[in-house]
file work-v7.tsv (TSV, C-alpha atoms)
chain	number	residue	atom	x	y	z
L	450	MET	CA	148.67	160.74	106.10
L	451	PHE	CA	151.44	163.31	105.68
L	452	ASP	CA	155.18	162.90	106.10
L	453	SER	CA	156.14	165.50	108.70
L	454	GLY	CA	159.75	165.77	107.53
L	455	THR	CA	158.82	166.36	103.87
L	456	THR	CA	156.07	168.77	104.86
L	457	ALA	CA	158.45	170.73	107.07
L	458	PHE	CA	161.05	170.85	104.31
L	459	MET	CA	158.51	172.16	101.79
L	460	ILE	CA	157.36	174.85	104.22
L	461	VAL	CA	161.00	175.95	104.59
L	462	ALA	CA	161.45	175.85	100.79
L	463	THR	CA	158.32	177.96	100.39
L	464	SER	CA	159.69	180.50	102.85
L	465	LEU	CA	163.01	180.60	101.00
L	466	VAL	CA	161.30	181.32	97.68
L	467	MET	CA	159.19	184.02	99.32
L	468	LEU	CA	162.39	185.64	100.59
L	469	MET	CA	163.65	185.89	97.01
L	470	THR	CA	161.14	188.67	96.24
L	471	PRO	CA	162.54	191.06	98.89
L	472	GLY	CA	166.00	189.90	97.76
L	473	LEU	CA	165.15	190.93	94.21
L	474	ALA	CA	163.97	194.31	95.52
L	475	PHE	CA	167.33	194.86	97.21
L	476	PHE	CA	169.25	193.68	94.14
L	477	TYR	CA	167.30	195.90	91.74
L	478	GLY	CA	167.24	198.75	94.25
L	479	GLY	CA	171.02	198.73	94.46
L	480	LEU	CA	171.39	198.70	90.68
L	481	ALA	CA	168.88	201.52	90.11
L	482	ASN	CA	169.82	205.18	90.46
L	483	LYS	CA	169.07	206.87	93.75
L	484	LYS	CA	165.97	208.69	92.39
L	485	ASN	CA	164.13	205.46	91.63
L	486	ILE	CA	164.90	203.06	94.47
L	487	VAL	CA	161.49	203.30	96.13
L	488	GLY	CA	159.77	202.88	92.75
L	489	ILE	CA	161.58	199.67	91.79
L	490	MET	CA	161.17	198.23	95.28
L	491	MET	CA	157.48	199.16	95.30
L	492	GLN	CA	156.91	197.36	92.00
L	493	THR	CA	158.54	194.26	93.48
L	494	PHE	CA	156.85	194.22	96.87
L	495	VAL	CA	153.37	195.01	95.54
L	496	SER	CA	153.37	191.62	93.81
L	497	LEU	CA	153.42	189.95	97.22
L	498	GLY	CA	149.93	191.33	97.76
L	499	ILE	CA	148.31	191.42	94.32
L	500	THR	CA	149.68	188.13	93.02
L	501	SER	CA	148.79	186.29	96.23
L	502	ILE	CA	145.18	187.46	95.90
L	503	LEU	CA	145.03	186.47	92.23
L	504	TRP	CA	146.61	183.10	92.95
L	505	LEU	CA	144.19	182.18	95.70
L	506	CYS	CA	141.16	183.39	93.72
L	507	VAL	CA	141.83	181.90	90.27
L	508	GLY	CA	145.54	181.45	89.56
L	509	TYR	CA	146.09	178.12	91.28
L	510	SER	CA	142.98	176.66	89.69
L	511	LEU	CA	143.86	177.85	86.18
L	512	CYS	CA	147.36	176.39	86.52
L	513	PHE	CA	146.79	173.11	88.36
L	514	SER	CA	143.20	171.93	87.88
L	515	GLY	CA	141.56	170.55	84.77
L	516	ASP	CA	143.09	168.93	81.72
L	517	GLY	CA	143.03	171.75	79.17
L	518	ALA	CA	145.89	172.04	76.72
L	519	ILE	CA	146.62	175.71	77.46
L	520	LEU	CA	144.87	176.50	80.75
L	521	GLY	CA	143.17	174.57	83.51
L	522	ASN	CA	139.65	175.31	84.74
L	523	LEU	CA	138.03	177.06	87.69
L	524	ASP	CA	137.15	173.94	89.70
L	525	LYS	CA	139.46	175.11	92.50
L	526	ALA	CA	138.78	178.83	92.22
L	527	PHE	CA	138.86	180.50	95.64
L	528	LEU	CA	140.38	177.17	96.80
L	529	GLN	CA	136.98	175.52	96.83
L	530	GLY	CA	137.30	171.86	97.74
L	531	VAL	CA	140.70	172.39	99.35
L	532	ALA	CA	140.79	171.66	103.09
L	533	ALA	CA	143.57	171.49	105.66
L	534	ASP	CA	143.75	167.72	105.21
L	535	SER	CA	143.61	167.76	101.38
L	536	VAL	CA	146.46	165.76	99.87
L	537	PHE	CA	148.56	167.11	97.02
L	538	SER	CA	147.68	164.76	94.16
L	539	GLY	CA	151.25	164.57	92.86
L	540	ASN	CA	152.77	163.65	96.21
L	541	ALA	CA	150.83	161.99	99.03
L	542	LYS	CA	153.44	163.13	101.55
L	543	ILE	CA	152.49	166.83	101.71
L	544	PRO	CA	149.25	168.80	102.18
L	545	GLU	CA	147.85	170.47	99.07
L	546	LEU	CA	147.94	173.78	100.95
L	547	VAL	CA	151.73	173.55	101.10
L	548	PHE	CA	151.93	172.97	97.34
L	549	ILE	CA	149.56	175.89	96.73
L	550	SER	CA	151.72	178.15	98.88
L	551	TYR	CA	154.97	176.99	97.26
L	552	GLN	CA	153.75	177.62	93.73
L	553	MET	CA	152.30	180.96	94.79
L	554	MET	CA	155.80	182.18	95.60
L	555	PHE	CA	156.89	181.37	92.02
L	556	ALA	CA	153.92	183.33	90.72
L	557	ILE	CA	154.86	186.32	92.90
L	558	ILE	CA	158.46	186.68	91.75
L	559	THR	CA	158.20	185.81	88.05
L	560	PRO	CA	156.42	188.91	86.68
L	561	VAL	CA	158.46	191.32	88.79
L	562	LEU	CA	161.69	190.01	87.28
L	563	ILE	CA	160.64	192.13	84.31
L	564	THR	CA	160.61	195.38	86.30
L	565	GLY	CA	164.39	195.70	86.14
L	566	ALA	CA	164.19	196.17	82.38
L	567	PHE	CA	161.99	199.28	82.37
L	568	VAL	CA	163.10	200.93	85.62
L	569	ASN	CA	162.42	204.70	85.66
L	570	ARG	CA	160.12	204.63	82.62
L	571	VAL	CA	156.70	203.15	83.50
L	572	THR	CA	153.84	204.64	85.51
L	573	PHE	CA	152.69	202.76	88.57
L	574	LYS	CA	149.06	202.54	87.37
L	575	ALA	CA	150.17	200.96	84.10
L	576	PHE	CA	152.43	198.57	85.97
L	577	LEU	CA	149.59	197.33	88.18
L	578	ILE	CA	147.46	196.58	85.12
L	579	PHE	CA	150.44	194.91	83.49
L	580	LEU	CA	151.11	192.80	86.58
L	581	VAL	CA	147.58	191.37	86.46
L	582	LEU	CA	147.28	190.86	82.69
L	583	TRP	CA	150.73	189.34	82.29
L	584	GLN	CA	149.90	186.57	84.73
L	585	PHE	CA	146.65	185.66	82.99
L	586	LEU	CA	148.00	185.86	79.45
L	587	VAL	CA	151.59	184.65	79.88
L	588	TYR	CA	152.45	183.13	83.26
L	589	TYR	CA	149.39	180.96	83.98
L	590	PRO	CA	149.30	179.35	80.52
L	591	PHE	CA	152.93	178.28	80.63
L	592	VAL	CA	152.74	176.98	84.18
L	593	HIS	CA	149.77	174.83	83.18
L	594	MET	CA	151.38	173.70	79.93
L	595	VAL	CA	154.67	172.70	81.59
L	596	TRP	CA	153.76	171.66	85.15
L	597	GLY	CA	149.98	171.36	85.15
L	598	GLY	CA	149.64	168.54	82.63
L	599	GLY	CA	148.99	170.77	79.63
L	600	PHE	CA	150.28	170.70	76.06
L	601	LEU	CA	154.03	170.98	76.63
L	602	ALA	CA	153.98	168.31	79.33
L	603	SER	CA	152.04	166.01	77.01
L	604	VAL	CA	154.69	166.25	74.27
L	605	GLY	CA	157.49	165.40	76.71
L	606	VAL	CA	158.98	168.78	77.67
L	607	LEU	CA	161.20	168.56	80.76
L	608	ASP	CA	161.69	171.60	82.97
L	609	PHE	CA	162.59	170.94	86.58
L	610	ALA	CA	162.15	174.33	88.21
L	611	GLY	CA	161.30	177.05	85.71
L	612	GLY	CA	163.46	177.46	82.61
L	613	ILE	CA	160.30	178.26	80.64
L	614	PRO	CA	157.58	179.30	83.15
L	615	VAL	CA	159.93	181.64	85.00
L	616	HIS	CA	163.11	182.72	83.27
L	617	ALA	CA	162.59	182.50	79.50
L	618	ILE	CA	159.19	184.18	79.49
L	619	ALA	CA	160.26	186.85	81.99
L	620	GLY	CA	163.51	187.57	80.13
L	621	PHE	CA	161.97	187.86	76.69
L	622	GLY	CA	158.92	189.61	78.10
L	623	ALA	CA	161.36	192.16	79.50
L	624	LEU	CA	162.90	192.64	76.07
L	625	GLY	CA	159.44	193.24	74.59
L	626	ALA	CA	158.81	195.85	77.29
L	627	VAL	CA	162.11	197.58	76.52
L	628	PHE	CA	161.27	197.73	72.83
L	629	TYR	CA	157.95	199.36	73.68
L	630	VAL	CA	158.97	201.93	76.33
L	631	GLY	CA	162.25	202.86	74.63
L	632	ALA	CA	165.46	204.14	76.17
L	633	ARG	CA	165.86	206.22	79.30
L	634	ARG	CA	166.39	209.94	78.80
L	635	GLU	CA	169.09	209.87	81.45
L	636	LYS	CA	171.26	206.80	81.76
L	637	ASP	CA	172.98	206.33	85.07
L	638	GLU	CA	175.38	203.52	84.25
L	639	LYS	CA	176.78	203.18	87.77
L	640	PRO	CA	174.81	201.29	90.44
L	641	HIS	CA	173.94	203.60	93.34
L	642	SER	CA	174.70	201.02	96.10
L	643	ILE	CA	176.90	197.99	95.63
L	644	PRO	CA	176.28	196.85	99.24
L	645	LEU	CA	172.54	196.69	98.49
L	646	ILE	CA	173.28	194.64	95.37
L	647	ALA	CA	175.37	192.25	97.45
L	648	ILE	CA	172.63	191.85	100.06
L	649	GLY	CA	170.06	191.20	97.33
L	650	ALA	CA	172.28	188.74	95.47
L	651	GLY	CA	173.05	186.88	98.69
L	652	ILE	CA	169.36	186.57	99.54
L	653	LEU	CA	168.56	185.41	96.00
L	654	TRP	CA	171.33	182.79	96.08
L	655	PHE	CA	170.11	181.58	99.48
L	656	GLY	CA	166.48	181.50	98.36
L	657	TRP	CA	167.36	179.64	95.17
L	658	TYR	CA	168.05	176.52	97.21
L	659	GLY	CA	164.34	176.47	98.03
L	660	PHE	CA	163.49	177.37	94.44
L	661	ASN	CA	165.38	174.43	92.92
L	662	ALA	CA	165.64	171.80	95.65
L	663	GLY	CA	162.03	172.40	96.67
L	664	SER	CA	160.88	171.68	93.12
L	665	GLU	CA	161.49	167.98	93.74
L	666	LEU	CA	158.37	168.25	95.99
L	667	ASN	CA	159.87	165.51	98.07
L	668	LEU	CA	162.80	164.85	100.35
L	669	ASP	CA	165.11	162.36	98.67
L	670	GLN	CA	168.43	162.01	96.86
L	671	PHE	CA	167.26	164.19	93.98
L	672	THR	CA	166.45	167.00	96.39
L	673	ALA	CA	170.08	166.87	97.50
L	674	LEU	CA	171.28	166.74	93.89
L	675	ALA	CA	169.24	169.82	92.97
L	676	LEU	CA	170.63	171.63	96.01
L	677	ILE	CA	174.30	171.02	95.28
L	678	ASN	CA	173.93	171.50	91.51
L	679	THR	CA	172.43	174.91	92.21
L	680	ASP	CA	175.49	175.95	94.18
L	681	ILE	CA	177.95	174.39	91.74
L	682	SER	CA	176.50	176.23	88.76
L	683	ALA	CA	176.32	179.56	90.60
L	684	SER	CA	179.91	179.25	91.79
L	685	PHE	CA	181.39	178.34	88.40
L	686	ALA	CA	179.37	181.07	86.69
L	687	ALA	CA	180.43	183.71	89.21
L	688	ILE	CA	184.13	182.96	88.72
L	689	SER	CA	183.76	182.63	84.93
L	690	TRP	CA	182.16	186.08	84.73
L	691	LEU	CA	184.76	187.55	87.10
L	692	MET	CA	187.70	186.22	85.06
L	693	ILE	CA	186.26	187.29	81.69
L	694	GLU	CA	185.49	190.80	82.92
L	695	TRP	CA	188.85	191.08	84.65
L	696	ALA	CA	190.67	190.04	81.47
L	697	ARG	CA	188.66	192.43	79.29
L	698	GLU	CA	188.48	195.48	81.59
L	699	GLY	CA	191.61	195.08	83.69
L	700	LYS	CA	189.87	195.06	87.08
L	701	PRO	CA	188.01	192.40	89.09
L	702	LYS	CA	184.45	193.74	89.54
L	703	PHE	CA	182.30	192.82	92.54
L	704	VAL	CA	179.05	193.54	90.70
L	705	GLY	CA	180.27	191.27	87.90
L	706	LEU	CA	180.93	188.45	90.36
L	707	LEU	CA	177.42	188.80	91.80
L	708	THR	CA	175.78	189.04	88.39
L	709	GLY	CA	177.66	185.98	87.21
L	710	ALA	CA	176.38	184.01	90.19
L	711	LEU	CA	172.80	184.87	89.21
L	712	ALA	CA	173.50	183.75	85.64
L	713	GLY	CA	174.58	180.38	87.00
L	714	LEU	CA	171.48	180.12	89.16
L	715	VAL	CA	169.22	180.88	86.21
L	716	ILE	CA	170.79	178.48	83.73
L	717	ILE	CA	170.77	175.44	86.05
L	718	THR	CA	167.12	175.94	87.10
L	719	PRO	CA	165.48	173.74	84.42
L	720	ALA	CA	168.05	170.97	84.90
L	721	ALA	CA	168.90	171.05	88.61
L	722	ALA	CA	167.95	167.41	89.35
L	723	TYR	CA	168.38	166.02	85.83
L	724	VAL	CA	172.14	166.41	85.33
L	725	SER	CA	175.30	165.32	87.10
L	726	MET	CA	177.43	167.56	89.28
L	727	THR	CA	180.10	167.69	86.56
L	728	THR	CA	177.50	168.86	84.07
L	729	ALA	CA	176.31	171.46	86.57
L	730	ALA	CA	179.83	172.92	86.53
L	731	LEU	CA	179.64	173.09	82.73
L	732	TYR	CA	176.26	174.80	83.02
L	733	GLY	CA	177.85	177.43	85.25
L	734	ILE	CA	180.75	178.09	82.89
L	735	VAL	CA	178.39	178.41	79.91
L	736	GLY	CA	175.97	180.57	81.90
L	737	GLY	CA	178.61	182.98	83.17
L	738	THR	CA	180.22	183.29	79.75
L	739	ALA	CA	177.12	183.45	77.55
L	740	CYS	CA	175.19	185.87	79.75
L	741	TYR	CA	178.20	188.17	79.99
L	742	PHE	CA	178.52	188.39	76.23
L	743	ALA	CA	174.73	188.63	75.78
L	744	ILE	CA	174.80	191.80	77.87
L	745	GLN	CA	177.71	193.14	75.83
L	746	PHE	CA	175.66	192.47	72.69
L	747	LYS	CA	172.63	194.18	74.23
L	748	ASN	CA	174.74	197.23	75.03
L	749	LYS	CA	176.11	197.32	71.49
L	750	MET	CA	172.58	197.17	70.09
L	751	GLU	CA	171.56	199.96	72.52
L	752	TRP	CA	168.63	198.01	73.92
L	753	ASP	CA	168.03	199.84	77.19
L	754	ASP	CA	167.31	196.83	79.38
L	755	ALA	CA	168.43	198.80	82.41
L	756	LEU	CA	169.17	195.93	84.81
L	757	ASP	CA	169.96	193.21	82.25
L	758	VAL	CA	166.86	191.08	82.70
L	759	TRP	CA	167.03	189.73	79.15
L	760	GLY	CA	170.75	188.99	79.32
L	761	LEU	CA	170.42	187.02	82.57
L	762	HIS	CA	166.95	185.46	82.64
L	763	GLY	CA	166.12	185.34	78.94
L	764	VAL	CA	169.43	184.07	77.63
L	765	GLY	CA	170.13	181.96	80.73
L	766	GLY	CA	166.68	180.35	80.70
L	767	VAL	CA	166.82	179.52	76.99
L	768	LEU	CA	170.34	178.09	77.19
L	769	GLY	CA	169.41	176.03	80.25
L	770	MET	CA	166.58	174.37	78.33
L	771	ILE	CA	168.68	173.79	75.23
L	772	MET	CA	171.48	172.23	77.27
L	773	LEU	CA	168.92	170.04	79.04
L	774	GLY	CA	168.10	168.54	75.64
L	775	ILE	CA	171.79	167.63	75.37
L	776	PHE	CA	172.89	166.68	78.89
L	777	SER	CA	169.79	165.34	80.64
L	778	SER	CA	170.50	161.84	81.95
L	779	SER	CA	168.20	159.06	83.09
L	780	ALA	CA	171.22	157.48	84.79
L	781	VAL	CA	171.35	160.54	87.07
L	782	ASN	CA	167.59	160.67	87.58
L	783	PRO	CA	165.14	158.06	86.23
L	784	ALA	CA	162.55	160.83	85.82
L	785	ALA	CA	164.77	162.46	83.18
L	786	THR	CA	164.90	161.75	79.47
L	787	ASP	CA	168.33	161.09	77.98
L	788	GLY	CA	169.71	164.03	76.03
L	789	LEU	CA	171.78	163.83	72.86
L	790	PHE	CA	175.08	163.46	74.73
L	791	PHE	CA	173.80	160.29	76.40
L	792	GLY	CA	172.33	158.71	73.28
L	793	GLY	CA	168.89	160.23	73.51
L	794	GLU	CA	166.65	160.77	70.54
L	795	ILE	CA	166.90	163.94	68.50
L	796	MET	CA	163.17	164.50	68.99
L	797	PHE	CA	163.63	165.23	72.70
L	798	PHE	CA	166.23	167.87	71.89
L	799	ILE	CA	163.97	169.42	69.25
L	800	THR	CA	161.08	169.42	71.70
L	801	GLU	CA	163.09	171.27	74.34
L	802	VAL	CA	164.41	173.82	71.86
L	803	GLY	CA	161.04	174.32	70.19
L	804	ALA	CA	159.26	174.77	73.51
L	805	VAL	CA	161.62	177.39	74.92
L	806	VAL	CA	161.93	179.29	71.64
L	807	GLY	CA	158.18	179.29	71.15
L	808	ALA	CA	157.57	180.44	74.72
L	809	SER	CA	160.14	183.23	74.38
L	810	VAL	CA	158.66	184.53	71.13
L	811	TYR	CA	155.16	184.41	72.62
L	812	ALA	CA	156.25	186.28	75.76
L	813	PHE	CA	158.02	188.95	73.71
L	814	ILE	CA	155.05	189.57	71.42
L	815	PHE	CA	152.37	189.46	74.11
L	816	THR	CA	154.29	191.70	76.50
L	817	TYR	CA	154.85	194.28	73.79
L	818	GLY	CA	151.22	194.07	72.67
L	819	MET	CA	149.94	194.17	76.24
L	820	LEU	CA	151.69	197.48	76.90
L	821	ARG	CA	150.23	198.95	73.72
L	822	ILE	CA	146.74	197.96	74.89
L	823	ILE	CA	147.31	199.37	78.38
L	824	GLU	CA	148.23	202.68	76.73
L	825	PHE	CA	144.55	203.07	75.72
L	826	VAL	CA	143.57	202.87	79.40
L	827	THR	CA	146.32	204.86	81.10
L	828	PRO	CA	149.70	206.26	80.03
L	829	VAL	CA	152.44	203.64	80.20
L	830	LYS	CA	155.47	205.87	79.84
L	831	VAL	CA	156.24	208.56	82.36
L	832	SER	CA	156.72	212.15	81.29
L	833	GLU	CA	160.13	213.68	80.77
L	834	GLU	CA	159.72	215.71	83.97
L	835	PHE	CA	158.90	212.62	86.03
L	836	GLU	CA	161.80	210.70	84.59
L	837	ILE	CA	164.32	213.44	85.22
L	838	LYS	CA	163.14	214.18	88.78
L	839	GLY	CA	162.74	210.48	89.60
L	840	LEU	CA	159.70	208.31	90.17
L	841	ASP	CA	160.26	208.08	93.92
L	842	GLU	CA	159.37	211.73	94.47
L	843	MET	CA	157.02	212.28	91.52
L	844	ILE	CA	154.85	209.15	91.79
L	845	HIS	CA	155.27	207.81	95.31
L	846	GLY	CA	156.06	211.00	97.23
L	847	GLU	CA	158.83	209.20	99.10
L	848	ILE	CA	162.59	209.20	98.83
L	849	ALA	CA	164.96	206.45	99.84
L	850	TYR	CA	167.59	208.74	101.34
L	851	ASP	CA	167.37	212.18	102.91
L	852	TYR	CA	171.00	212.95	102.15
L	853	ASP	CA	173.21	213.19	99.10
L	854	LEU	CA	174.84	209.88	98.16
L	855	SER	CA	177.48	211.40	95.93
L	856	PHE	CA	180.99	211.47	97.34
L	857	ASP	CA	182.84	213.44	94.68
call {"tool": "encode", "arguments": {"input": "work-v7.tsv", "output": "structure tokens"}}
result
Amino acid sequence: MFDSGTTAFMIVATSLVMLMTPGLAFFYGGLANKKNIVGIMMQTFVSLGITSILWLCVGYSLCFSGDGAILGNLDKAFLQGVAADSVFSGNAKIPELVFISYQMMFAIITPVLITGAFVNRVTFKAFLIFLVLWQFLVYYPFVHMVWGGGFLASVGVLDFAGGIPVHAIAGFGALGAVFYVGARREKDEKPHSIPLIAIGAGILWFGWYGFNAGSELNLDQFTALALINTDISASFAAISWLMIEWAREGKPKFVGLLTGALAGLVIITPAAAYVSMTTAALYGIVGGTACYFAIQFKNKMEWDDALDVWGLHGVGGVLGMIMLGIFSSSAVNPAATDGLFFGGEIMFFITEVGAVVGASVYAFIFTYGMLRIIEFVTPVKVSEEFEIKGLDEMIHGEIAYDYDLSFD
């Protein structure tokens, strides 16, 4: 009934995507100041528990059962009707349990991408409420609309691995959160541990192969295309960012190289198996360049998105979808729709742009509004004392290091 090779590959891909959440914790932990490392890592790791429970209880059903325009139904709540030998309806080669597990890893990492934006400013109680509400009101609807047969899928939106359901909504949700919580009282512009950033970035890059290649949900030539396009885009973006920063600031920055690689990984996500390898290189150059200047613009506007979630995931996700409307090619993959560059209809381009812009605006507004509502239940913003002393000690009663990290 099942293809053992495809099933094994999807289990590996699922494991790779799971590993991205600890990788994100390392990446954010290295970028944060030393008083808030435990806090940012805690916010990331707690999603492994809470989101998994939500997904198994209702999340999977709301995303992938039923034919609603915005959300599915509860026919598969608590995985009722799903057995060990149940077949994934979209691919007879793998068990449904593997598909459930794979998509669960996407659900785990997406909301915690936002945490990097409001590091050092949000109480843990408020974050837990936010983590739950954001999935029901933002993540689940867009997963169903794009991948679950909902409205956006019905109008022809293409999104291979998460330009909308992951990056655009997380990036613009992060910007909404920043607008609500405001700026940090103390800005520590320097990352506390570049080695931690490098470990996190390396794990994320490694895991992204499962994120993108696994989204083919099969083991074929398009799986291989998604895999190599992921690396091509990341590599070109990393070097693009490095060269721009070097030219502008006079020094080649390691953190810049790593951040550029992530920009390339983000921007290629919606198009990984729909564009050629040459186009993937272009994606990387655009991603590294545009995300770099988006962060410069953010800094000029004094939006205190501490770890540049909007500049990487928001801008990268939106640009990836827009470029898909231009460079998608049915000659590369018959499942794709031809973009403008290959003689495609303008309506496909408009659909891609409209979908990602609409999703971004929705995520921004709902995230901002959600935090305002949470404020009626429990304080969202930490006190000045907590922020100055650090959330690790004041909220969690733990510190990452028992020695002084300063070397001056």
call {"tool": "residues_around", "arguments": {"input": "work-v7.tsv", "residues": "L:Ala575", "least_positions_apart": "4", "cutoff": "8 Å", "atoms": "all atoms listed in the file", "output": "number ranges by chain"}}
result
L: 571, 579, 823-824, 827-829
call {"tool": "closest_atom_pairs", "arguments": {"input": "work-v7.tsv", "of": "stretch 754-809 of chain L", "to": "stretch 718-728 of chain L", "cutoff": "10 Å", "atoms": "only C-alpha atoms", "output": "Markdown table"}}
result
| residue | atom | partner | partner_atom | distance |
| --- | --- | --- | --- | --- |
| L:Gly765 | CA | L:Thr718 | CA | 9.3 |
| L:Gly766 | CA | L:Pro719 | CA | 7.7 |
| L:Val767 | CA | L:Pro719 | CA | 9.5 |
| L:Leu768 | CA | L:Pro719 | CA | 9.7 |
| L:Gly769 | CA | L:Pro719 | CA | 6.2 |
| L:Met770 | CA | L:Pro719 | CA | 6.2 |
| L:Ile771 | CA | L:Pro719 | CA | 9.7 |
| L:Met772 | CA | L:Ala720 | CA | 8.5 |
| L:Leu773 | CA | L:Ala720 | CA | 6.0 |
| L:Gly774 | CA | L:Ala720 | CA | 9.6 |
| L:Phe776 | CA | L:Val724 | CA | 6.5 |
| L:Ser777 | CA | L:Val724 | CA | 5.4 |
| L:Ser778 | CA | L:Val724 | CA | 5.9 |
| L:Ser779 | CA | L:Tyr723 | CA | 7.5 |
| L:Ala780 | CA | L:Val724 | CA | 9.0 |
| L:Val781 | CA | L:Val724 | CA | 6.2 |
| L:Asn782 | CA | L:Tyr723 | CA | 5.7 |
| L:Pro783 | CA | L:Tyr723 | CA | 8.6 |
| L:Ala784 | CA | L:Tyr723 | CA | 7.8 |
| L:Ala785 | CA | L:Tyr723 | CA | 5.7 |
| L:Thr786 | CA | L:Tyr723 | CA | 8.4 |
| L:Asp787 | CA | L:Tyr723 | CA | 9.3 |
| L:Gly788 | CA | L:Val724 | CA | 9.9 |
call {"tool": "closest_residue", "arguments": {"input": "work-v7.tsv", "among": "L:Leu731, L:Met450, L:Val536, L:Ala696", "to": "L:Gly713", "atoms": "all atoms listed in the file"}}
result
L:Leu731
call {"tool": "atom_distance", "arguments": {"input": "work-v7.tsv", "atom1": "atom CA of L:Asn569", "atom2": "atom CA of L:Thr493"}}
result
13.6 Å
call {"tool": "residues_around", "arguments": {"input": "work-v7.tsv", "residues": "L:Val630", "least_positions_apart": "6", "cutoff": "10 Å", "atoms": "only C-alpha atoms", "output": "PDB file with C-alpha atoms, in the coordinates of the input"}}
result
ATOM      1  CA  ALA L 566     164.190 196.170  82.380  1.00  0.00           C
ATOM      2  CA  PHE L 567     161.990 199.280  82.370  1.00  0.00           C
ATOM      3  CA  ARG L 570     160.120 204.630  82.620  1.00  0.00           C
ATOM      4  CA  VAL L 571     156.700 203.150  83.500  1.00  0.00           C
ATOM      5  CA  ASP L 753     168.030 199.840  77.190  1.00  0.00           C
ATOM      6  CA  TYR L 817     154.850 194.280  73.790  1.00  0.00           C
ATOM      7  CA  LEU L 820     151.690 197.480  76.900  1.00  0.00           C
ATOM      8  CA  ARG L 821     150.230 198.950  73.720  1.00  0.00           C
ATOM      9  CA  VAL L 829     152.440 203.640  80.200  1.00  0.00           C
ATOM     10  CA  LYS L 830     155.470 205.870  79.840  1.00  0.00           C
ATOM     11  CA  VAL L 831     156.240 208.560  82.360  1.00  0.00           C
TER      12      VAL L 831
END
call {"tool": "atom_distance", "arguments": {"input": "work-v7.tsv", "atom1": "atom CA of L:Gly846", "atom2": "atom CA of L:Tyr477"}}
result
19.6 Å
call {"tool": "closest_residue", "arguments": {"input": "work-v7.tsv", "among": "L:Ser550, L:Gly709, L:Phe703, L:Ile489", "to": "L:Pro644", "atoms": "only C-alpha atoms"}}
result
L:Phe703
call {"tool": "closest_residue", "arguments": {"input": "work-v7.tsv", "among": "L:Ala462, L:Leu528, L:Ala710, L:Val487", "to": "L:Glu847", "atoms": "all atoms listed in the file"}}
result
L:Val487
call {"tool": "atom_distance", "arguments": {"input": "work-v7.tsv", "atom1": "atom CA of L:Gly517", "atom2": "atom CA of L:Ala532"}}
result
24.0 Å
call {"tool": "residues_around", "arguments": {"input": "work-v7.tsv", "residues": "L:Lys700", "least_positions_apart": "6", "cutoff": "10 Å", "atoms": "only C-alpha atoms", "output": "PyMOL selection string"}}
result
chain L and resi 691-692+694
call {"tool": "closest_residue", "arguments": {"input": "work-v7.tsv", "among": "L:Ala474, L:Val547, L:Gly792, L:Trp759", "to": "L:Gly625", "atoms": "all atoms listed in the file"}}
result
L:Trp759
call {"tool": "decode", "arguments": {"input": "work-v7.tsv", "residues": "stretch 541-548 of chain L", "atoms": "N, CA, C and O atoms", "output": "PDB file, in the first residue's frame"}}
result
ATOM      1  N   ALA L 541      -0.979   8.510  -2.397  1.00  0.00           N
ATOM      2  CA  ALA L 541      -1.227   7.144  -1.924  1.00  0.00           C
ATOM      3  C   ALA L 541       0.039   6.425  -1.482  1.00  0.00           C
ATOM      4  O   ALA L 541      -0.017   5.297  -1.027  1.00  0.00           O
ATOM      5  N   LYS L 542       1.191   7.107  -1.588  1.00  0.00           N
ATOM      6  CA  LYS L 542       2.458   6.438  -1.275  1.00  0.00           C
ATOM      7  C   LYS L 542       2.847   6.547   0.188  1.00  0.00           C
ATOM      8  O   LYS L 542       3.755   5.856   0.636  1.00  0.00           O
ATOM      9  N   ILE L 543       2.222   7.468   0.951  1.00  0.00           N
ATOM     10  CA  ILE L 543       2.629   7.652   2.339  1.00  0.00           C
ATOM     11  C   ILE L 543       1.439   7.533   3.283  1.00  0.00           C
ATOM     12  O   ILE L 543       0.307   7.840   2.907  1.00  0.00           O
ATOM     13  N   PRO L 544       1.667   7.114   4.527  1.00  0.00           N
ATOM     14  CA  PRO L 544       0.600   7.065   5.518  1.00  0.00           C
ATOM     15  C   PRO L 544       0.137   8.478   5.886  1.00  0.00           C
ATOM     16  O   PRO L 544       0.941   9.425   5.891  1.00  0.00           O
ATOM     17  N   GLU L 545      -1.138   8.616   6.208  1.00  0.00           N
ATOM     18  CA  GLU L 545      -1.651   9.918   6.614  1.00  0.00           C
ATOM     19  C   GLU L 545      -0.956  10.409   7.875  1.00  0.00           C
ATOM     20  O   GLU L 545      -0.759  11.617   8.063  1.00  0.00           O
ATOM     21  N   LEU L 546      -0.564   9.490   8.748  1.00  0.00           N
ATOM     22  CA  LEU L 546       0.122   9.883   9.979  1.00  0.00           C
ATOM     23  C   LEU L 546       1.434  10.609   9.691  1.00  0.00           C
ATOM     24  O   LEU L 546       1.839  11.502  10.447  1.00  0.00           O
ATOM     25  N   VAL L 547       2.101  10.239   8.614  1.00  0.00           N
ATOM     26  CA  VAL L 547       3.340  10.921   8.251  1.00  0.00           C
ATOM     27  C   VAL L 547       3.037  12.343   7.800  1.00  0.00           C
ATOM     28  O   VAL L 547       3.720  13.300   8.188  1.00  0.00           O
ATOM     29  N   PHE L 548       1.985  12.503   6.990  1.00  0.00           N
ATOM     30  CA  PHE L 548       1.587  13.840   6.542  1.00  0.00           C
ATOM     31  C   PHE L 548       1.179  14.704   7.732  1.00  0.00           C
ATOM     32  O   PHE L 548       1.544  15.880   7.814  1.00  0.00           O
TER      33      PHE L 548
END
